[in-house]
2 protein chains.
Amino acid sequence: MDQLLFEQLLSFFKALADENRLKLIGMLAEKECSVEELATRLKIREPTVSHHLARLRELDLVTMRKEGNTHLYHLQATSLHKLSKDVLSLESIAAPDPEPNEDLWERKVLKDYLQEGRLSQIPASRKKREVILRWLVNQLEWEKRYPEKEINAFLLQFHWDSATLRREFIMTQLMMRENNVYWRI
Amino acid sequence: MDQLLFEQLLSFFKALADENRLKLIGMLAEKECSVEELATRLKIREPTVSHHLARLRELDLVTMRKEGNTHLYHLQATSLHKLSKDVLSLESIAAPDPEPNEDLWERKVLKDYLQEGRLSQIPASRKKREVILRWLVNQLEWEKRYPEKEINAFLLQFHWDSATLRREFIMTQLMMRENNVYWRI
DNA sequence: CATCTAATTAGATGATTATCTAAATAACTT
DNA sequence: AAGTTATTTAGATAATCATCTAATTAGATG
């Protein structure tokens, strides 16, 4: 997802994530009100209301007009509408990537299990094992057919237990085997 | 607005009003994830992620299934959709009335200015003056025509400055006058 | 000009809560 | 059974933020 939209949504939620601010929105939806009236009905002090209104105003959720001494606030329905629409598309949020972040998790797994180019161990957890296996298999060529002897030699560069790794390749469907010959799929 | 909906919306906003929780929603929208993976990508510790997921789970925004050791969380799109819809109707929020609240403001004004049945002063602010004037005029009968003398007598019960009050009645269009006779409009 | 009223700003305080470490639980591996 | 891994729970700490009082600004009234 777009970084900008993410931050907009976040501040939108923060703005409405307060009981009194949400009530303010409700009251202003009815009619425009002075600060004093809002304070009385919410049973909190004017400065507090002022503070809340300032926050809502930052997001253009409310606007203010002066009438003599008093400041009349009213709801900015358009802004509210626009943001509500974005909320509806919340499901389309992808992970915000502040960095090349997408595979941060996988890179960490690789870093944890690879010591000077060799596998310190074969991860017990299926998810991590798969990360390792995909990384290994990626160093083999597509289309090429590898005799078992060759696969073994390749795997032994990384770990003594080439048999287990070979078996895992098959089980995870990363490779196919026929007559002791292996290839990627 | 419905008190229940109000509280649902409030907790919805509170749930999403945190940077990391919002990111979690984003990541889970892509695919289901383990706690460890989420923690790694967010660069925070597992217990923290666990805590956030628990909050999201309270609102049924995410659900969890166990696969061996690991807990895989995934987004509950339905709940999200339902709540988003409510957000869209935010504008229809009326003030939540924890009490007969609607005129709490006006009742406070009356309380502030009426001491033992008499006006302590005539409010300077237009908004408050109107509250007082409407209360006063409400004690006069509809349709009836009051000679100025009678109006004065009535007003003097509440305040020495009946002349100002009379003038205000006219200015605010609460009464009409013709040949020194007054009536409500 | 002096006064009053409504609102805002400044600054302090207290409550909430995101985050961490350490310990407990649960499920899998050997 | 013993050890390892993933998660959760408990408890402590620190940051955020809602709220208050006191002081300031701006407008209106007399």
# chains A, B, ... in the order shown; residues from 1 in each chain; ligands from 1
$ residues_around --residues "region 15-27 of chain C" --least-positions-apart "3" --cutoff "10 Å" --atoms "only C-alpha atoms (C1' of nucleotides)" --output "PyMOL selection string"
(chain B and resi 18+20+44-45+47-49+51-52+67-70) or (chain D and resi 5-19)
$ write_last_selection --atoms "N, CA and C atoms (P, O5', C5', C4', C3', O3' and C1' of nucleotides)" --output "compact mmCIF listing (two decimals), in the first residue's frame"
# COMPACT_ATOMS: atom_id res chain seq x y z
N ASP B 18 -3.28 2.30 15.99
CA ASP B 18 -1.90 2.04 16.40
C ASP B 18 -1.12 1.61 15.17
N ASN B 20 1.51 -0.20 14.56
CA ASN B 20 1.85 -1.60 14.33
C ASN B 20 0.62 -2.46 14.11
N ILE B 44 9.68 -5.80 16.02
CA ILE B 44 9.33 -5.75 17.44
C ILE B 44 9.31 -7.18 17.96
N ARG B 45 9.24 -7.34 19.27
CA ARG B 45 9.35 -8.67 19.88
C ARG B 45 8.03 -9.45 19.78
N PRO B 47 6.24 -11.09 22.05
CA PRO B 47 5.16 -10.83 23.01
C PRO B 47 4.34 -9.60 22.64
N THR B 48 5.02 -8.61 22.08
CA THR B 48 4.30 -7.41 21.67
C THR B 48 3.30 -7.75 20.56
N VAL B 49 3.78 -8.50 19.58
CA VAL B 49 2.88 -8.90 18.49
C VAL B 49 1.71 -9.70 19.05
N HIS B 51 0.40 -9.56 21.90
CA HIS B 51 -0.52 -8.64 22.56
C HIS B 51 -1.44 -7.93 21.55
N HIS B 52 -0.84 -7.43 20.47
CA HIS B 52 -1.63 -6.74 19.46
C HIS B 52 -2.64 -7.68 18.81
N GLU B 67 -0.91 -24.70 13.64
CA GLU B 67 -0.31 -25.71 12.76
C GLU B 67 0.97 -26.14 13.45
N GLY B 68 0.89 -27.28 14.09
CA GLY B 68 2.02 -27.74 14.89
C GLY B 68 2.27 -26.72 15.97
N ASN B 69 3.50 -26.33 16.04
CA ASN B 69 3.92 -25.40 17.05
C ASN B 69 3.43 -23.98 16.82
N THR B 70 3.32 -23.64 15.56
CA THR B 70 3.13 -22.23 15.25
C THR B 70 1.66 -21.87 15.13
P DT D 5 16.05 -24.87 18.82
O5' DT D 5 14.51 -24.59 18.51
C5' DT D 5 13.77 -25.49 17.70
C4' DT D 5 12.36 -24.97 17.56
C3' DT D 5 12.27 -23.45 17.43
O3' DT D 5 11.33 -23.13 16.43
C1' DT D 5 10.97 -24.18 19.26
P DA D 6 10.87 -21.65 16.14
O5' DA D 6 9.45 -21.62 16.82
C5' DA D 6 8.36 -22.30 16.18
C4' DA D 6 7.06 -21.82 16.81
C3' DA D 6 6.88 -20.30 16.75
O3' DA D 6 5.55 -20.02 16.32
C1' DA D 6 6.82 -21.03 19.01
P DT D 7 5.03 -18.50 16.26
O5' DT D 7 4.34 -18.35 17.69
C5' DT D 7 3.28 -19.25 18.02
C4' DT D 7 2.89 -19.11 19.47
C3' DT D 7 2.39 -17.73 19.88
O3' DT D 7 0.97 -17.78 20.00
C1' DT D 7 3.73 -18.77 21.57
P DT D 8 0.15 -16.50 20.38
O5' DT D 8 0.11 -16.55 21.98
C5' DT D 8 -0.38 -17.71 22.62
C4' DT D 8 -0.08 -17.64 24.10
C3' DT D 8 -0.68 -16.42 24.81
O3' DT D 8 -1.57 -16.88 25.80
C1' DT D 8 1.58 -16.77 25.45
P DT D 9 -2.39 -15.79 26.69
O5' DT D 9 -1.50 -15.62 28.00
C5' DT D 9 -1.21 -16.75 28.81
C4' DT D 9 -0.41 -16.31 30.03
C3' DT D 9 -0.96 -15.10 30.77
O3' DT D 9 -0.90 -15.40 32.16
C1' DT D 9 1.30 -14.74 30.23
P DA D 10 -1.58 -14.45 33.25
O5' DA D 10 -0.33 -13.81 33.99
C5' DA D 10 0.92 -14.50 33.99
C4' DA D 10 1.94 -13.72 34.81
C3' DA D 10 1.40 -12.50 35.55
O3' DA D 10 2.14 -12.35 36.75
C1' DA D 10 2.99 -11.80 33.96
P DG D 11 1.80 -11.22 37.81
O5' DG D 11 2.97 -10.19 37.61
C5' DG D 11 4.32 -10.65 37.47
C4' DG D 11 5.23 -9.46 37.16
C3' DG D 11 4.77 -8.15 37.81
O3' DG D 11 5.92 -7.47 38.28
C1' DG D 11 4.97 -7.86 35.49
P DA D 12 5.83 -6.03 38.97
O5' DA D 12 6.90 -5.20 38.14
C5' DA D 12 8.07 -5.84 37.60
C4' DA D 12 8.76 -4.87 36.63
C3' DA D 12 8.71 -3.40 37.07
O3' DA D 12 9.98 -2.81 36.84
C1' DA D 12 7.73 -3.65 34.93
P DT D 13 10.23 -1.27 37.12
O5' DT D 13 10.22 -0.60 35.68
C5' DT D 13 10.99 -1.19 34.62
C4' DT D 13 10.82 -0.35 33.37
C3' DT D 13 10.82 1.17 33.62
O3' DT D 13 11.60 1.77 32.60
C1' DT D 13 8.89 0.55 32.44
P DA D 14 12.02 3.28 32.67
O5' DA D 14 11.54 3.80 31.24
C5' DA D 14 11.38 2.87 30.16
C4' DA D 14 10.50 3.52 29.11
C3' DA D 14 10.55 5.05 29.09
O3' DA D 14 10.49 5.47 27.74
C1' DA D 14 8.34 4.33 29.48
P DA D 15 10.69 7.01 27.37
O5' DA D 15 9.56 7.20 26.26
C5' DA D 15 9.16 6.07 25.51
C4' DA D 15 7.77 6.31 24.93
C3' DA D 15 7.52 7.75 24.53
O3' DA D 15 6.88 7.75 23.27
C1' DA D 15 5.88 7.06 26.10
P DT D 16 6.43 9.14 22.59
O5' DT D 16 4.84 9.09 22.71
C5' DT D 16 4.18 7.84 22.52
C4' DT D 16 2.72 7.99 22.88
C3' DT D 16 2.08 9.30 22.40
O3' DT D 16 0.85 8.96 21.81
C1' DT D 16 1.70 9.01 24.72
P DC D 17 0.02 10.10 21.03
O5' DC D 17 -1.06 10.53 22.13
C5' DC D 17 -1.82 9.52 22.79
C4' DC D 17 -2.68 10.15 23.85
C3' DC D 17 -3.26 11.52 23.46
O3' DC D 17 -4.54 11.60 24.04
C1' DC D 17 -2.10 11.73 25.44
P DA D 18 -5.73 12.19 23.17
O5' DA D 18 -6.92 12.30 24.24
C5' DA D 18 -7.19 11.20 25.08
C4' DA D 18 -7.59 11.69 26.46
C3' DA D 18 -8.53 12.89 26.48
O3' DA D 18 -9.53 12.64 27.47
C1' DA D 18 -6.55 13.39 27.70
P DT D 19 -10.74 13.65 27.60
O5' DT D 19 -10.29 14.63 28.76
C5' DT D 19 -10.13 14.12 30.07
C4' DT D 19 -9.38 15.10 30.94
C3' DT D 19 -9.95 16.52 30.95
O3' DT D 19 -10.85 16.65 32.02
C1' DT D 19 -7.55 16.45 31.02
$ calpha_fit_rmsd --fixed "chain A" --moving "chain B"
0.5 Å
$ closest_atom_pairs --of "chain C" --to "chain A" --cutoff "10 Å" --atoms "only C-alpha atoms (C1' of nucleotides)" --output "CSV"
residue,atom,partner,partner_atom,distance
C:DT5,C1',A:Asn69,CA,7.5
C:DA6,C1',A:Thr70,CA,5.5
C:DA7,C1',A:Thr70,CA,7.3
C:DT8,C1',A:Ser50,CA,7.2
C:DT9,C1',A:Pro47,CA,9.0
C:DC28,C1',A:Ala124,CA,8.7
C:DT29,C1',A:Ala124,CA,7.8
$ write_last_selection --atoms "N, CA and C atoms (P, O5', C5', C4', C3', O3' and C1' of nucleotides)" --output "short mmCIF file (atom, residue, chain, number, x, y, z; two decimals), in the first residue's frame"
data_model
loop_
_atom_site.label_atom_id
_atom_site.label_comp_id
_atom_site.auth_asym_id
_atom_site.auth_seq_id
_atom_site.Cartn_x
_atom_site.Cartn_y
_atom_site.Cartn_z
P DT C 5 -19.23 38.38 32.11
"O5'" DT C 5 -19.48 37.65 30.71
"C5'" DT C 5 -19.73 38.38 29.53
"C4'" DT C 5 -19.19 37.59 28.35
"C3'" DT C 5 -19.00 36.11 28.62
"O3'" DT C 5 -19.65 35.37 27.61
"C1'" DT C 5 -17.02 37.04 27.69
P DA C 6 -19.54 33.81 27.54
"O5'" DA C 6 -18.46 33.59 26.40
"C5'" DA C 6 -18.75 34.02 25.08
"C4'" DA C 6 -17.70 33.47 24.14
"C3'" DA C 6 -17.47 31.97 24.32
"O3'" DA C 6 -17.43 31.37 23.03
"C1'" DA C 6 -15.45 33.15 24.70
P DA C 7 -17.01 29.84 22.82
"O5'" DA C 7 -15.44 29.96 22.66
"C5'" DA C 7 -14.95 30.67 21.53
"C4'" DA C 7 -13.45 30.69 21.55
"C3'" DA C 7 -12.79 29.32 21.58
"O3'" DA C 7 -12.14 29.12 20.33
"C1'" DA C 7 -11.77 30.85 23.11
P DT C 8 -11.25 27.84 20.07
"O5'" DT C 8 -9.80 28.26 20.59
"C5'" DT C 8 -9.15 29.36 19.98
"C4'" DT C 8 -7.87 29.67 20.73
"C3'" DT C 8 -6.85 28.53 20.73
"O3'" DT C 8 -5.69 29.00 20.06
"C1'" DT C 8 -7.11 29.48 22.89
P DT C 9 -4.42 28.03 19.84
"O5'" DT C 9 -3.48 28.34 21.10
"C5'" DT C 9 -3.02 29.66 21.32
"C4'" DT C 9 -2.13 29.69 22.56
"C3'" DT C 9 -1.07 28.60 22.61
"O3'" DT C 9 0.14 29.22 23.03
"C1'" DT C 9 -2.35 28.57 24.58
P DC C 28 2.17 -30.95 17.46
"O5'" DC C 28 3.71 -31.18 17.09
"C5'" DC C 28 4.42 -30.11 16.45
"C4'" DC C 28 5.92 -30.31 16.62
"C3'" DC C 28 6.42 -31.67 16.10
"O3'" DC C 28 7.47 -31.43 15.18
"C1'" DC C 28 7.29 -31.22 18.25
P DT C 29 8.22 -32.69 14.50
"O5'" DT C 29 9.53 -32.87 15.37
"C5'" DT C 29 10.45 -31.77 15.48
"C4'" DT C 29 11.79 -32.27 16.02
"C3'" DT C 29 12.27 -33.59 15.43
"O3'" DT C 29 13.68 -33.51 15.25
"C1'" DT C 29 12.00 -33.83 17.77
#
$ select_by_dssp --residues "chain A" --states "strand (DSSP E or B)" --output "JSON, numbers by chain"
{"A": [33, 34, 62, 63, 64, 65, 66, 67, 70, 71, 72, 73, 74, 75, 114, 115, 118, 119, 146, 147, 175, 176, 177, 178, 181, 182, 183, 184]}
$ write_last_selection --atoms "N, CA and C atoms" --output "PDB file, in the first residue's frame"
ATOM      1  N   CYS A  33     -21.975  24.078  16.547  1.00  0.00           N
ATOM      2  CA  CYS A  33     -22.031  24.371  17.972  1.00  0.00           C
ATOM      3  C   CYS A  33     -20.851  25.229  18.385  1.00  0.00           C
ATOM      4  N   SER A  34     -21.068  25.973  19.482  1.00  0.00           N
ATOM      5  CA  SER A  34     -19.977  26.741  20.085  1.00  0.00           C
ATOM      6  C   SER A  34     -19.176  25.834  21.008  1.00  0.00           C
ATOM      7  N   VAL A  62     -13.425  18.979  10.768  1.00  0.00           N
ATOM      8  CA  VAL A  62     -14.358  20.046  11.133  1.00  0.00           C
ATOM      9  C   VAL A  62     -13.777  21.383  10.680  1.00  0.00           C
ATOM     10  N   THR A  63     -14.634  22.359  10.531  1.00  0.00           N
ATOM     11  CA  THR A  63     -14.167  23.708  10.226  1.00  0.00           C
ATOM     12  C   THR A  63     -14.813  24.672  11.212  1.00  0.00           C
ATOM     13  N   MET A  64     -14.316  25.900  11.219  1.00  0.00           N
ATOM     14  CA  MET A  64     -14.784  26.857  12.213  1.00  0.00           C
ATOM     15  C   MET A  64     -15.083  28.185  11.543  1.00  0.00           C
ATOM     16  N   ARG A  65     -16.137  28.833  12.009  1.00  0.00           N
ATOM     17  CA  ARG A  65     -16.362  30.213  11.576  1.00  0.00           C
ATOM     18  C   ARG A  65     -16.629  31.036  12.825  1.00  0.00           C
ATOM     19  N   LYS A  66     -16.198  32.302  12.794  1.00  0.00           N
ATOM     20  CA  LYS A  66     -16.365  33.149  13.961  1.00  0.00           C
ATOM     21  C   LYS A  66     -17.666  33.926  13.836  1.00  0.00           C
ATOM     22  N   GLU A  67     -18.354  34.001  14.951  1.00  0.00           N
ATOM     23  CA  GLU A  67     -19.527  34.861  14.986  1.00  0.00           C
ATOM     24  C   GLU A  67     -19.413  35.668  16.258  1.00  0.00           C
ATOM     25  N   THR A  70     -17.906  34.197  19.689  1.00  0.00           N
ATOM     26  CA  THR A  70     -17.942  32.735  19.773  1.00  0.00           C
ATOM     27  C   THR A  70     -17.497  32.077  18.473  1.00  0.00           C
ATOM     28  N   HIS A  71     -16.894  30.915  18.608  1.00  0.00           N
ATOM     29  CA  HIS A  71     -16.433  30.147  17.447  1.00  0.00           C
ATOM     30  C   HIS A  71     -17.414  29.013  17.186  1.00  0.00           C
ATOM     31  N   LEU A  72     -18.009  29.024  16.023  1.00  0.00           N
ATOM     32  CA  LEU A  72     -18.961  27.972  15.685  1.00  0.00           C
ATOM     33  C   LEU A  72     -18.274  26.899  14.844  1.00  0.00           C
ATOM     34  N   TYR A  73     -18.296  25.696  15.357  1.00  0.00           N
ATOM     35  CA  TYR A  73     -17.674  24.580  14.634  1.00  0.00           C
ATOM     36  C   TYR A  73     -18.738  23.790  13.910  1.00  0.00           C
ATOM     37  N   HIS A  74     -18.367  23.307  12.720  1.00  0.00           N
ATOM     38  CA  HIS A  74     -19.296  22.381  12.085  1.00  0.00           C
ATOM     39  C   HIS A  74     -18.557  21.305  11.316  1.00  0.00           C
ATOM     40  N   LEU A  75     -19.264  20.210  11.112  1.00  0.00           N
ATOM     41  CA  LEU A  75     -18.679  19.012  10.519  1.00  0.00           C
ATOM     42  C   LEU A  75     -18.370  19.226   9.052  1.00  0.00           C
ATOM     43  N   LEU A 114      22.711 -19.756   8.192  1.00  0.00           N
ATOM     44  CA  LEU A 114      23.895 -19.886   7.356  1.00  0.00           C
ATOM     45  C   LEU A 114      25.096 -19.256   8.047  1.00  0.00           C
ATOM     46  N   GLN A 115      26.063 -20.082   8.376  1.00  0.00           N
ATOM     47  CA  GLN A 115      27.294 -19.592   8.991  1.00  0.00           C
ATOM     48  C   GLN A 115      28.438 -19.829   8.019  1.00  0.00           C
ATOM     49  N   ARG A 118      27.759 -22.220   5.204  1.00  0.00           N
ATOM     50  CA  ARG A 118      27.259 -23.563   5.487  1.00  0.00           C
ATOM     51  C   ARG A 118      26.061 -23.523   6.423  1.00  0.00           C
ATOM     52  N   LEU A 119      25.206 -24.544   6.302  1.00  0.00           N
ATOM     53  CA  LEU A 119      24.033 -24.651   7.180  1.00  0.00           C
ATOM     54  C   LEU A 119      24.466 -25.081   8.573  1.00  0.00           C
ATOM     55  N   TYR A 146      19.825 -33.513 -12.874  1.00  0.00           N
ATOM     56  CA  TYR A 146      20.982 -33.787 -12.023  1.00  0.00           C
ATOM     57  C   TYR A 146      20.959 -35.243 -11.560  1.00  0.00           C
ATOM     58  N   PRO A 147      22.014 -36.017 -11.852  1.00  0.00           N
ATOM     59  CA  PRO A 147      22.117 -37.354 -11.248  1.00  0.00           C
ATOM     60  C   PRO A 147      22.254 -37.221  -9.734  1.00  0.00           C
ATOM     61  N   MET A 175      11.502 -30.320  -6.251  1.00  0.00           N
ATOM     62  CA  MET A 175      12.151 -31.085  -7.316  1.00  0.00           C
ATOM     63  C   MET A 175      11.357 -32.362  -7.591  1.00  0.00           C
ATOM     64  N   MET A 176      11.618 -32.932  -8.782  1.00  0.00           N
ATOM     65  CA  MET A 176      11.053 -34.233  -9.126  1.00  0.00           C
ATOM     66  C   MET A 176      12.203 -35.228  -9.265  1.00  0.00           C
ATOM     67  N   ARG A 177      11.881 -36.515  -9.109  1.00  0.00           N
ATOM     68  CA  ARG A 177      12.924 -37.538  -9.260  1.00  0.00           C
ATOM     69  C   ARG A 177      12.407 -38.703 -10.100  1.00  0.00           C
ATOM     70  N   GLU A 178      13.281 -39.252 -10.901  1.00  0.00           N
ATOM     71  CA  GLU A 178      12.945 -40.463 -11.660  1.00  0.00           C
ATOM     72  C   GLU A 178      14.250 -41.179 -11.984  1.00  0.00           C
ATOM     73  N   VAL A 181      17.449 -39.521 -10.998  1.00  0.00           N
ATOM     74  CA  VAL A 181      17.784 -38.250 -11.640  1.00  0.00           C
ATOM     75  C   VAL A 181      16.797 -37.200 -11.145  1.00  0.00           C
ATOM     76  N   TYR A 182      17.345 -36.004 -10.816  1.00  0.00           N
ATOM     77  CA  TYR A 182      16.529 -34.947 -10.205  1.00  0.00           C
ATOM     78  C   TYR A 182      16.432 -33.748 -11.132  1.00  0.00           C
ATOM     79  N   TRP A 183      15.273 -33.071 -11.080  1.00  0.00           N
ATOM     80  CA  TRP A 183      15.150 -31.787 -11.777  1.00  0.00           C
ATOM     81  C   TRP A 183      14.142 -30.874 -11.055  1.00  0.00           C
ATOM     82  N   ARG A 184      14.326 -29.597 -11.267  1.00  0.00           N
ATOM     83  CA  ARG A 184      13.462 -28.590 -10.595  1.00  0.00           C
ATOM     84  C   ARG A 184      12.076 -28.557 -11.220  1.00  0.00           C
TER      85      ARG A 184
END
$ select_by_dssp --residues "region 4-180 of chain A" --states "alpha helix (DSSP H)" --output "PyMOL selection string"
chain A and resi 4-16+19-30+35-42+46-58+77-88+104-113+126-137+148-156+162-171
$ residues_around --residues "DT3 (chain C)" --least-positions-apart "5" --cutoff "12 Å" --atoms "only C-alpha atoms (C1' of nucleotides)" --output "MDAnalysis selection string"
chainID D and resid 28:30
$ write_last_selection --atoms "all heavy atoms" --output "tab-separated table (two decimals), in the first residue's frame"
chain	number	residue	atom	x	y	z
D	28	DA	P	-16.94	41.19	17.44
D	28	DA	OP1	-17.98	40.47	16.69
D	28	DA	OP2	-16.23	42.36	16.88
D	28	DA	O5'	-17.57	41.61	18.85
D	28	DA	C5'	-18.23	40.60	19.62
D	28	DA	C4'	-18.82	41.23	20.88
D	28	DA	O4'	-17.74	41.63	21.75
D	28	DA	C3'	-19.65	42.49	20.62
D	28	DA	O3'	-20.78	42.46	21.48
D	28	DA	C2'	-18.70	43.62	20.99
D	28	DA	C1'	-17.91	42.97	22.13
D	28	DA	N9	-16.57	43.53	22.32
D	28	DA	C8	-15.61	43.77	21.37
D	28	DA	N7	-14.48	44.25	21.86
D	28	DA	C5	-14.73	44.34	23.21
D	28	DA	C6	-13.93	44.79	24.29
D	28	DA	N6	-12.68	45.24	24.14
D	28	DA	N1	-14.49	44.76	25.52
D	28	DA	C2	-15.73	44.29	25.67
D	28	DA	N3	-16.56	43.85	24.73
D	28	DA	C4	-16.00	43.90	23.52
D	29	DT	P	-21.90	43.52	21.30
D	29	DT	OP1	-23.01	42.90	20.58
D	29	DT	OP2	-21.29	44.78	20.78
D	29	DT	O5'	-22.36	43.78	22.81
D	29	DT	C5'	-21.61	43.22	23.88
D	29	DT	C4'	-21.55	44.21	25.04
D	29	DT	O4'	-20.18	44.69	25.18
D	29	DT	C3'	-22.41	45.47	24.87
D	29	DT	O3'	-22.99	45.78	26.10
D	29	DT	C2'	-21.40	46.52	24.43
D	29	DT	C1'	-20.20	46.09	25.27
D	29	DT	N1	-18.87	46.57	24.78
D	29	DT	C2	-17.93	46.95	25.71
D	29	DT	O2	-18.14	46.93	26.92
D	29	DT	N3	-16.74	47.38	25.17
D	29	DT	C4	-16.42	47.46	23.83
D	29	DT	O4	-15.31	47.86	23.47
D	29	DT	C5	-17.47	47.04	22.92
D	29	DT	C7	-17.19	47.09	21.44
D	29	DT	C6	-18.62	46.62	23.43
D	30	DG	P	-24.22	46.76	26.22
D	30	DG	OP1	-25.40	45.91	26.48
D	30	DG	OP2	-24.17	47.63	25.03
D	30	DG	O5'	-23.91	47.63	27.49
D	30	DG	C5'	-22.86	47.27	28.40
D	30	DG	C4'	-22.20	48.55	28.93
D	30	DG	O4'	-20.95	48.76	28.20
D	30	DG	C3'	-23.03	49.82	28.74
D	30	DG	O3'	-22.92	50.62	29.90
D	30	DG	C2'	-22.37	50.50	27.55
D	30	DG	C1'	-20.92	50.12	27.79
D	30	DG	N9	-20.07	50.21	26.63
D	30	DG	C8	-20.40	49.98	25.32
D	30	DG	N7	-19.41	50.15	24.49
D	30	DG	C5	-18.34	50.50	25.31
D	30	DG	C6	-17.00	50.80	24.98
D	30	DG	O6	-16.47	50.81	23.88
D	30	DG	N1	-16.25	51.10	26.12
D	30	DG	C2	-16.73	51.12	27.41
D	30	DG	N2	-15.88	51.43	28.36
D	30	DG	N3	-17.99	50.84	27.72
D	30	DG	C4	-18.73	50.54	26.64
$ residues_around --residues "region 128-145 of chain B" --least-positions-apart "5" --cutoff "9 Å" --atoms "only C-alpha atoms (C1' of nucleotides)" --output "list in words"
Glu106, Arg107, Val109, Leu110, Tyr113, Leu119, Ile122, Pro123, Phe154, Leu155, Phe158, Leu165, Glu168, Phe169, Thr172, Leu174, Met175, Val181, Tyr182, Trp183, Arg184 and Ile185 of chain B
$ atom_distance --atom1 "CA of Leu16 (chain A)" --atom2 "CA of Val87 (chain B)"
10.6 Å
$ atom_distance --atom1 "CA of Glu116 (chain B)" --atom2 "CA of Gln173 (chain B)"
27.6 Å
